[in-house]
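Visitor: Next comes structure-v5.csv, CSV, C-alpha atoms and all ligand atoms:
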```csv
chain,number,residue,atom,x,y,z
A,829,MET,CA,145.5,40.0,178.4
A,830,GLN,CA,144.3,36.5,179.3
A,831,ALA,CA,143.0,34.3,176.5
A,832,THR,CA,142.2,30.6,176.6
A,833,GLN,CA,142.9,28.6,173.5
A,834,LYS,CA,139.8,26.8,172.4
A,835,GLU,CA,139.1,24.6,169.4
A,836,MET,CA,141.0,25.0,166.1
A,837,MET,CA,138.9,26.8,163.5
A,838,TYR,CA,141.3,26.8,160.5
A,839,GLU,CA,144.6,25.4,159.5
A,840,GLY,CA,146.5,27.2,156.8
A,841,LYS,CA,149.9,26.6,155.2
A,842,GLY,CA,151.8,28.8,157.8
A,843,LYS,CA,149.5,29.0,160.7
A,844,LYS,CA,146.7,27.4,162.8
A,845,LEU,CA,143.9,29.6,164.0
A,846,TYR,CA,142.1,28.8,167.3
A,847,LYS,CA,139.0,30.3,168.8
A,848,THR,CA,139.1,31.9,172.3
A,849,GLU,CA,136.5,32.5,174.9
A,850,ASP,CA,136.0,35.9,173.4
A,851,ASN,CA,134.1,35.8,170.1
A,852,GLY,CA,136.0,38.8,168.7
A,853,LEU,CA,139.5,37.3,169.3
A,854,ILE,CA,141.4,34.4,167.8
A,855,ILE,CA,144.8,32.9,168.6
A,856,SER,CA,147.2,32.4,165.6
A,857,GLN,CA,149.9,29.7,166.0
A,858,PHE,CA,152.8,30.1,163.6
A,859,LYS,CA,153.9,26.7,162.1
A,860,ASP,CA,157.3,25.3,161.2
A,861,ASP,CA,155.9,24.1,157.8
A,862,LEU,CA,157.2,25.7,154.6
A,863,THR,CA,155.4,25.5,151.3
A,864,ALA,CA,156.1,26.9,147.9
A,865,PHE,CA,154.7,26.9,144.3
A,866,ASN,CA,151.1,26.6,145.4
A,867,ALA,CA,152.0,23.9,148.0
A,868,GLU,CA,153.6,21.6,145.4
A,869,LYS,CA,156.9,21.9,147.3
A,870,LYS,CA,156.6,21.1,151.0
A,871,GLY,CA,159.1,21.2,153.9
A,872,SER,CA,159.6,22.1,157.5
A,873,GLU,CA,162.2,24.1,159.5
A,874,GLN,CA,162.2,23.5,163.2
A,875,GLY,CA,161.9,26.8,165.1
A,876,LYS,CA,160.6,28.8,162.1
A,877,GLY,CA,157.2,29.3,163.7
A,878,ILE,CA,158.7,30.9,166.7
A,879,LEU,CA,160.9,33.1,164.6
A,880,ASN,CA,158.0,34.2,162.4
A,881,CYS,CA,155.9,35.0,165.4
A,882,LYS,CA,158.6,37.2,166.8
A,883,ILE,CA,159.3,38.9,163.4
A,884,SER,CA,155.6,39.5,162.7
A,885,THR,CA,155.1,40.9,166.2
A,886,GLU,CA,157.8,43.5,165.8
A,887,ILE,CA,156.5,44.5,162.3
A,888,PHE,CA,152.8,44.8,163.4
A,889,LYS,CA,153.9,46.9,166.4
A,890,LEU,CA,156.0,49.1,164.1
A,891,LEU,CA,153.1,49.5,161.7
A,892,GLU,CA,150.5,50.3,164.4
A,893,LYS,CA,152.9,52.9,165.8
A,894,ASN,CA,152.9,54.5,162.3
A,895,GLY,CA,149.1,54.6,162.0
A,896,VAL,CA,148.4,51.3,160.1
A,897,LYS,CA,145.4,49.5,161.6
A,898,THR,CA,146.2,45.7,162.1
A,899,HIS,CA,144.5,42.7,163.6
A,900,TYR,CA,147.4,42.4,166.1
A,901,VAL,CA,146.4,42.4,169.8
A,902,GLU,CA,149.2,40.8,171.8
A,903,THR,CA,151.8,38.1,171.6
A,904,ILE,CA,150.9,35.5,174.3
A,905,GLY,CA,153.4,32.7,173.7
A,906,GLU,CA,156.6,32.1,171.7
A,907,ASP,CA,154.6,31.1,168.6
A,908,LEU,CA,151.2,32.4,169.6
A,909,MET,CA,149.6,35.7,168.7
A,910,LEU,CA,146.3,37.0,169.9
A,911,CYS,CA,144.5,38.7,167.0
A,912,LYS,CA,141.1,40.3,166.3
A,913,LEU,CA,138.8,38.1,164.4
A,914,VAL,CA,138.3,39.4,160.8
A,915,GLN,CA,136.6,38.3,157.7
A,916,ILE,CA,139.5,37.8,155.3
A,917,ILE,CA,139.2,39.6,151.9
A,918,PRO,CA,140.2,37.0,149.3
A,919,ILE,CA,142.8,39.2,147.7
A,920,GLU,CA,146.6,38.9,148.1
A,921,VAL,CA,148.0,42.4,147.8
A,922,VAL,CA,151.5,42.2,146.5
A,923,VAL,CA,153.7,45.3,146.7
A,924,ARG,CA,157.0,45.4,144.7
A,925,ASN,CA,160.0,47.7,144.7
A,926,VAL,CA,162.4,45.4,142.8
A,927,ALA,CA,161.6,43.0,140.0
A,928,THR,CA,161.9,39.3,140.8
A,929,GLY,CA,159.8,36.2,141.1
A,930,SER,CA,156.6,36.0,139.1
A,931,LEU,CA,156.9,39.6,137.8
A,932,THR,CA,160.1,38.8,135.9
A,933,LYS,CA,158.7,35.5,134.6
A,934,ARG,CA,155.4,37.0,133.4
A,935,LEU,CA,156.7,40.3,131.9
A,936,GLY,CA,160.3,39.6,131.2
A,937,ILE,CA,161.5,42.5,133.4
A,938,LYS,CA,165.1,42.0,134.3
A,939,GLU,CA,165.7,40.2,137.7
A,940,GLY,CA,166.9,42.7,140.3
A,941,GLU,CA,165.8,45.8,138.4
A,942,SER,CA,164.5,48.6,140.6
A,943,LEU,CA,161.0,49.5,139.5
A,944,PRO,CA,160.5,53.2,138.6
A,945,PHE,CA,157.6,53.3,141.1
A,946,THR,CA,156.1,51.0,143.7
A,947,LEU,CA,153.9,48.5,142.0
A,948,VAL,CA,150.8,47.1,143.8
A,949,GLU,CA,149.1,44.0,142.3
A,950,PHE,CA,146.1,42.0,143.3
A,951,TYR,CA,145.9,38.2,143.2
A,952,TYR,CA,142.7,36.2,143.8
A,953,LYS,CA,143.2,34.0,146.8
A,954,ASP,CA,142.1,30.6,145.4
A,955,ASP,CA,144.5,27.6,145.7
A,956,ALA,CA,142.5,25.6,143.0
A,957,LEU,CA,143.1,28.4,140.5
A,958,GLY,CA,146.7,29.0,141.6
A,959,ASP,CA,146.1,32.5,143.0
A,960,PRO,CA,145.7,34.3,139.6
A,961,LEU,CA,146.6,38.0,139.0
A,962,ILE,CA,143.4,40.0,138.7
A,963,ASN,CA,142.4,43.6,138.0
A,964,ASP,CA,139.9,45.8,139.8
A,965,GLU,CA,137.0,44.7,137.6
A,966,HIS,CA,137.7,41.0,138.2
A,967,ALA,CA,137.8,41.7,142.0
A,968,LEU,CA,134.4,43.3,141.8
A,969,ILE,CA,132.9,40.6,139.6
A,970,LEU,CA,134.3,38.0,142.1
A,971,LYS,CA,132.8,40.0,144.9
A,972,CYS,CA,136.1,40.1,146.8
A,973,VAL,CA,135.0,43.6,148.0
A,974,GLN,CA,131.8,45.6,147.6
A,975,SER,CA,133.3,48.7,146.0
A,976,ILE,CA,136.2,50.2,144.0
A,977,GLU,CA,136.8,52.4,147.0
A,978,ALA,CA,137.7,49.4,149.1
A,979,LEU,CA,140.3,48.4,146.4
A,980,ASP,CA,141.7,51.9,146.5
A,981,GLU,CA,142.0,51.6,150.3
A,982,LEU,CA,143.9,48.3,150.0
A,983,ARG,CA,146.3,50.0,147.5
A,984,LYS,CA,146.7,53.0,149.8
A,985,ILE,CA,147.4,50.9,152.9
A,986,GLY,CA,149.8,48.7,150.8
A,987,ARG,CA,151.8,51.8,149.8
A,988,LYS,CA,151.8,53.1,153.4
A,989,VAL,CA,153.1,49.7,154.7
A,990,ASN,CA,155.8,49.8,152.0
A,991,GLU,CA,156.9,53.4,153.0
A,992,VAL,CA,157.2,52.4,156.7
A,993,LEU,CA,158.9,49.0,156.1
A,994,ARG,CA,161.2,50.1,153.3
A,995,GLU,CA,162.7,52.8,155.4
A,996,PHE,CA,162.9,50.6,158.5
A,997,PHE,CA,164.7,47.8,156.7
A,998,ASP,CA,166.9,50.2,154.8
A,999,LYS,CA,168.4,51.2,158.2
A,1000,LYS,CA,169.0,47.5,158.9
A,1001,ASN,CA,171.0,47.2,155.6
A,1002,LEU,CA,168.2,45.2,153.9
A,1003,ILE,CA,166.4,45.8,150.7
A,1004,LEU,CA,162.7,45.2,150.9
A,1005,VAL,CA,162.2,43.6,147.5
A,1006,ASP,CA,158.5,42.7,147.6
A,1007,PHE,CA,155.9,41.4,150.0
A,1008,LYS,CA,152.4,40.1,150.2
A,1009,LEU,CA,149.7,41.5,152.5
A,1010,GLU,CA,146.3,40.1,153.4
A,1011,PHE,CA,143.4,42.2,154.8
A,1012,GLY,CA,140.3,41.5,156.8
A,1013,VAL,CA,137.1,43.3,157.7
A,1014,ASP,CA,136.2,43.6,161.4
A,1015,SER,CA,132.8,43.6,163.0
A,1016,THR,CA,132.5,47.4,162.5
A,1017,GLY,CA,133.3,47.1,158.8
A,1018,ALA,CA,136.8,48.5,159.1
A,1019,ILE,CA,139.6,47.1,157.0
A,1020,LEU,CA,142.5,45.8,159.1
A,1021,LEU,CA,145.9,44.5,158.0
A,1022,ALA,CA,145.8,40.8,158.9
A,1023,ASP,CA,147.7,37.5,158.4
A,1024,GLU,CA,151.5,37.8,158.9
A,1025,ILE,CA,154.5,39.8,157.8
A,1026,THR,CA,157.5,37.5,157.8
A,1027,PRO,CA,160.3,36.2,155.6
A,1028,ASP,CA,157.6,33.7,154.3
A,1029,SER,CA,155.6,36.6,152.8
A,1030,CYS,CA,158.4,39.1,152.1
A,1031,ARG,CA,161.6,39.1,150.1
A,1032,PHE,CA,164.6,40.7,151.8
A,1033,TRP,CA,168.1,41.0,150.2
A,1034,ASP,CA,171.2,42.1,152.0
A,1035,LYS,CA,172.0,45.6,150.7
A,1036,ASN,CA,175.7,44.9,150.2
A,1037,THR,CA,175.9,41.3,149.1
A,1038,LYS,CA,172.3,40.9,147.7
A,1039,GLU,CA,172.1,37.6,149.6
A,1040,LYS,CA,168.5,36.4,149.9
A,1041,LEU,CA,167.3,36.3,153.5
A,1042,ASP,CA,163.8,34.9,153.0
A,1043,LYS,CA,161.7,32.0,151.8
A,1044,ASP,CA,163.5,32.0,148.4
A,1045,ARG,CA,166.2,30.1,150.2
A,1046,PHE,CA,163.6,27.3,150.5
A,1047,ARG,CA,162.0,27.8,147.1
A,1048,GLN,CA,165.4,27.7,145.4
A,1049,ASP,CA,167.1,25.1,147.7
A,1050,LEU,CA,169.8,27.6,148.7
A,1051,GLY,CA,170.1,26.1,152.2
A,1052,ASN,CA,170.4,27.9,155.6
A,1053,VAL,CA,166.7,28.8,155.7
A,1054,LYS,CA,166.5,29.1,159.4
A,1055,MET,CA,169.8,31.1,159.6
A,1056,ALA,CA,168.3,33.6,157.2
A,1057,TYR,CA,165.1,34.1,159.3
A,1058,GLU,CA,167.3,34.4,162.5
A,1059,GLU,CA,169.3,37.1,160.7
A,1060,ILE,CA,166.2,39.0,159.8
A,1061,LEU,CA,165.0,38.9,163.5
A,1062,LYS,CA,168.5,39.9,164.7
A,1063,ARG,CA,168.5,42.9,162.4
A,1064,ILE,CA,165.0,43.9,163.3
A,1065,LEU,CA,165.9,43.9,167.0
A,1066,SER,CA,169.3,45.6,166.5
A,1101,LIG,N1,153.9,35.8,148.2
A,1101,LIG,C1,153.3,35.2,149.3
A,1101,LIG,N2,152.4,34.2,149.1
A,1101,LIG,C2,151.9,33.8,147.9
A,1101,LIG,C3,152.5,34.4,146.7
A,1101,LIG,C4,153.5,35.4,146.9
A,1101,LIG,O1,153.6,35.5,150.4
A,1101,LIG,O2,151.0,33.0,147.8
A,1101,LIG,C5,154.9,36.8,148.4
A,1101,LIG,C6,156.3,36.3,148.0
A,1101,LIG,O3,157.0,35.8,149.1
A,1101,LIG,C7,156.9,37.6,147.5
A,1101,LIG,C8,155.8,38.4,146.9
A,1101,LIG,O4,154.6,37.9,147.5
A,1101,LIG,O5,157.5,38.3,148.6
A,1101,LIG,C9,155.7,38.3,145.4
A,1101,LIG,O6,155.7,37.0,145.0
A,1101,LIG,P1,155.6,36.6,143.4
A,1101,LIG,O7,154.4,37.1,142.8
A,1101,LIG,O8,156.9,37.0,142.8
A,1101,LIG,O9,155.5,35.0,143.4
A,1101,LIG,P2,156.5,33.8,143.5
A,1101,LIG,O10,157.8,34.2,142.9
A,1101,LIG,O11,156.6,33.6,145.0
A,1101,LIG,O12,155.8,32.7,142.8
```
Since I need it in another form, could you write the structure as structure tokens?
Guide:
Amino acid sequence: MQATQKEMMYEGKGKKLYKTEDNGLIISQFKDDLTAFNAEKKGSEQGKGILNCKISTEIFKLLEKNGVKTHYVETIGEDLMLCKLVQIIPIEVVVRNVATGSLTKRLGIKEGESLPFTLVEFYYKDDALGDPLINDEHALILKCVQSIEALDELRKIGRKVNEVLREFFDKKNLILVDFKLEFGVDSTGAILLADEITPDSCRFWDKNTKEKLDKDRFRQDLGNVKMAYEEILKRILS
């Protein structure tokens, strides 16, 4: 598909979004920038944008093949993805299989403990508030969505994405520890999976060594950030 990159409409932490000549389509450019702890920690890794674009492309295609509706249209450059324009729902949907990160800090659950069932959490997307954990009633009061049914749909899609990806990465000798999803509403009112699915937004541990192969390498100054992202792409393509 031909698409011409027009003016930038938004710059986020990991991507720049551009308009196209088609009102219903945008171009998402994946950046090399890395941020953590609500952007208090900043860095950059040359080539990360290209790696993330490739990784996200493969994952969106896999999910579409498995019946998950996404904003993905086509990858049109090494760091450029053509996507459907959606109205982003201001909720970060976090799906967890293994306890780590903020879950262990908040509730004292032991780091690395497998959860008895998949946990789905909602965080309110608001940098000034530090993306707080919210429940369904908060989400309705904040008008993130119109109905409780929409929240149930986010949970349902989150679990479906987890089922597909967990099995896929298991075959690649990787544990899908947890991940964050964002959703948008298209012009017909349908909820589509949006944003990105990359080692910036997921945690992957090697099944045998438990080595971290994701943004925790940046968060925790473990080094070899780019090598980890390259390893994830290599395993996805293997
Ligand atoms: N996550 C994300 N963006 C955020 C917060 C979390 O992509 O703004 C992802 C993170 O990479 C991890 C999962 O969501 O895969 C759960 O993160 P957690 O709540 O443990 O927060 P963190 O430890 O990153 O503060």
Visitor: With the cut-off set at 8 Å and counting all atoms listed in the file, tabulate each residue of segment 853-932 of chain A with an atom at most that distance from an atom of segment 958-981 of chain A, showing the nearest atom pair and its distance in Å to one decimal, ordered by chain and increasing number, as JSON lines.
Guide:
```
{"residue": "A:Asn866", "atom": "CA", "partner": "A:Gly958", "partner_atom": "CA", "distance": 6.3}
{"residue": "A:Ile917", "atom": "CA", "partner": "A:Cys972", "partner_atom": "CA", "distance": 6.0}
{"residue": "A:Pro918", "atom": "CA", "partner": "A:Cys972", "partner_atom": "CA", "distance": 5.7}
{"residue": "A:Ile919", "atom": "CA", "partner": "A:Cys972", "partner_atom": "CA", "distance": 6.8}
```
Visitor: Report as a list in words all protein, DNA and RNA residues lying within 10 Å of Gly852 of chain A, evaluated on all atoms listed in the file, omitting residues in the same chain fewer than 3 positions from it.
Guide: Lys847, Thr848, Glu849, Cys911, Lys912, Leu913, Val914, Asp1014 and Ser1015 of chain A
Visitor: I want to know what sits within 12 Å of Glu873 of chain A, based on only C-alpha atoms, with residues of the same chain fewer than 2 positions away left out; could you give that as a PyMOL selection string?
Guide: chain A and resi 842+858-863+870-871+875-880+1028+1043+1045-1046+1051-1058
Visitor: Can you pull out the residues contacting Met829 of chain A? Cut-off 10 Å, using only C-alpha atoms, and skip same-chain residues under 6 positions away; I want them as a ChimeraX atom specification.
Guide: /A:901-904,910
Visitor: Please indicate the distance in Å from atom CA of Ala831 of chain A to atom CA of Tyr846 of chain A, rounded to one decimal place.
Guide: 10.8 Å
Visitor: Suppose you want the space between atom CA of Thr1016 of chain A and atom CA of His899 of chain A; what is it in Å?
Guide: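 A separation of 12.9 Å between them.
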Visitor: Counting all atoms listed in the file, which of A:Phe997, A:Phe865, A:Phe888, A:Phe1011 gets nearest to ligand LIG 1101 (chain A)?
Guide: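 Using all atoms listed in the file, the shortest distance to ligand LIG 1101 (chain A) belongs to A:Phe865.
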Visitor: Please give me, as an NGL selection string, the residues lying within 9 Å of ligand LIG 1101 (chain A) when counting only C-alpha atoms and all ligand atoms.
Guide: :A and (864-866 or 920-924 or 927-933 or 949 or 951 or 953 or 955 or 958-959 or 961 or 1004-1009 or 1025-1032 or 1042-1044 or 1047)
Visitor: I need the residue nearest Val989 of chain A from this list: A:Glu939, A:Glu906, A:Glu1010, A:Asp1049. Use only C-alpha atoms for the distance.
Guide: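 Under the stated criterion, the closest residue is A:Glu1010.
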Visitor: Report, in Å with one decimal, the straight-line distance from atom CA of Gln857 of chain A to atom CA of Asn894 of chain A.
Guide: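 Pair atom CA of Gln857 of chain A / atom CA of Asn894 of chain A returns 25.3 Å.
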Visitor: Check the smallest atom-to-atom distance from each of A:Lys834, A:Lys897, A:Lys869, A:Lys841 to Ile985 of chain A using only C-alpha atoms, then report the winner.
Guide: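 Under the stated criterion, the closest residue is A:Lys897.
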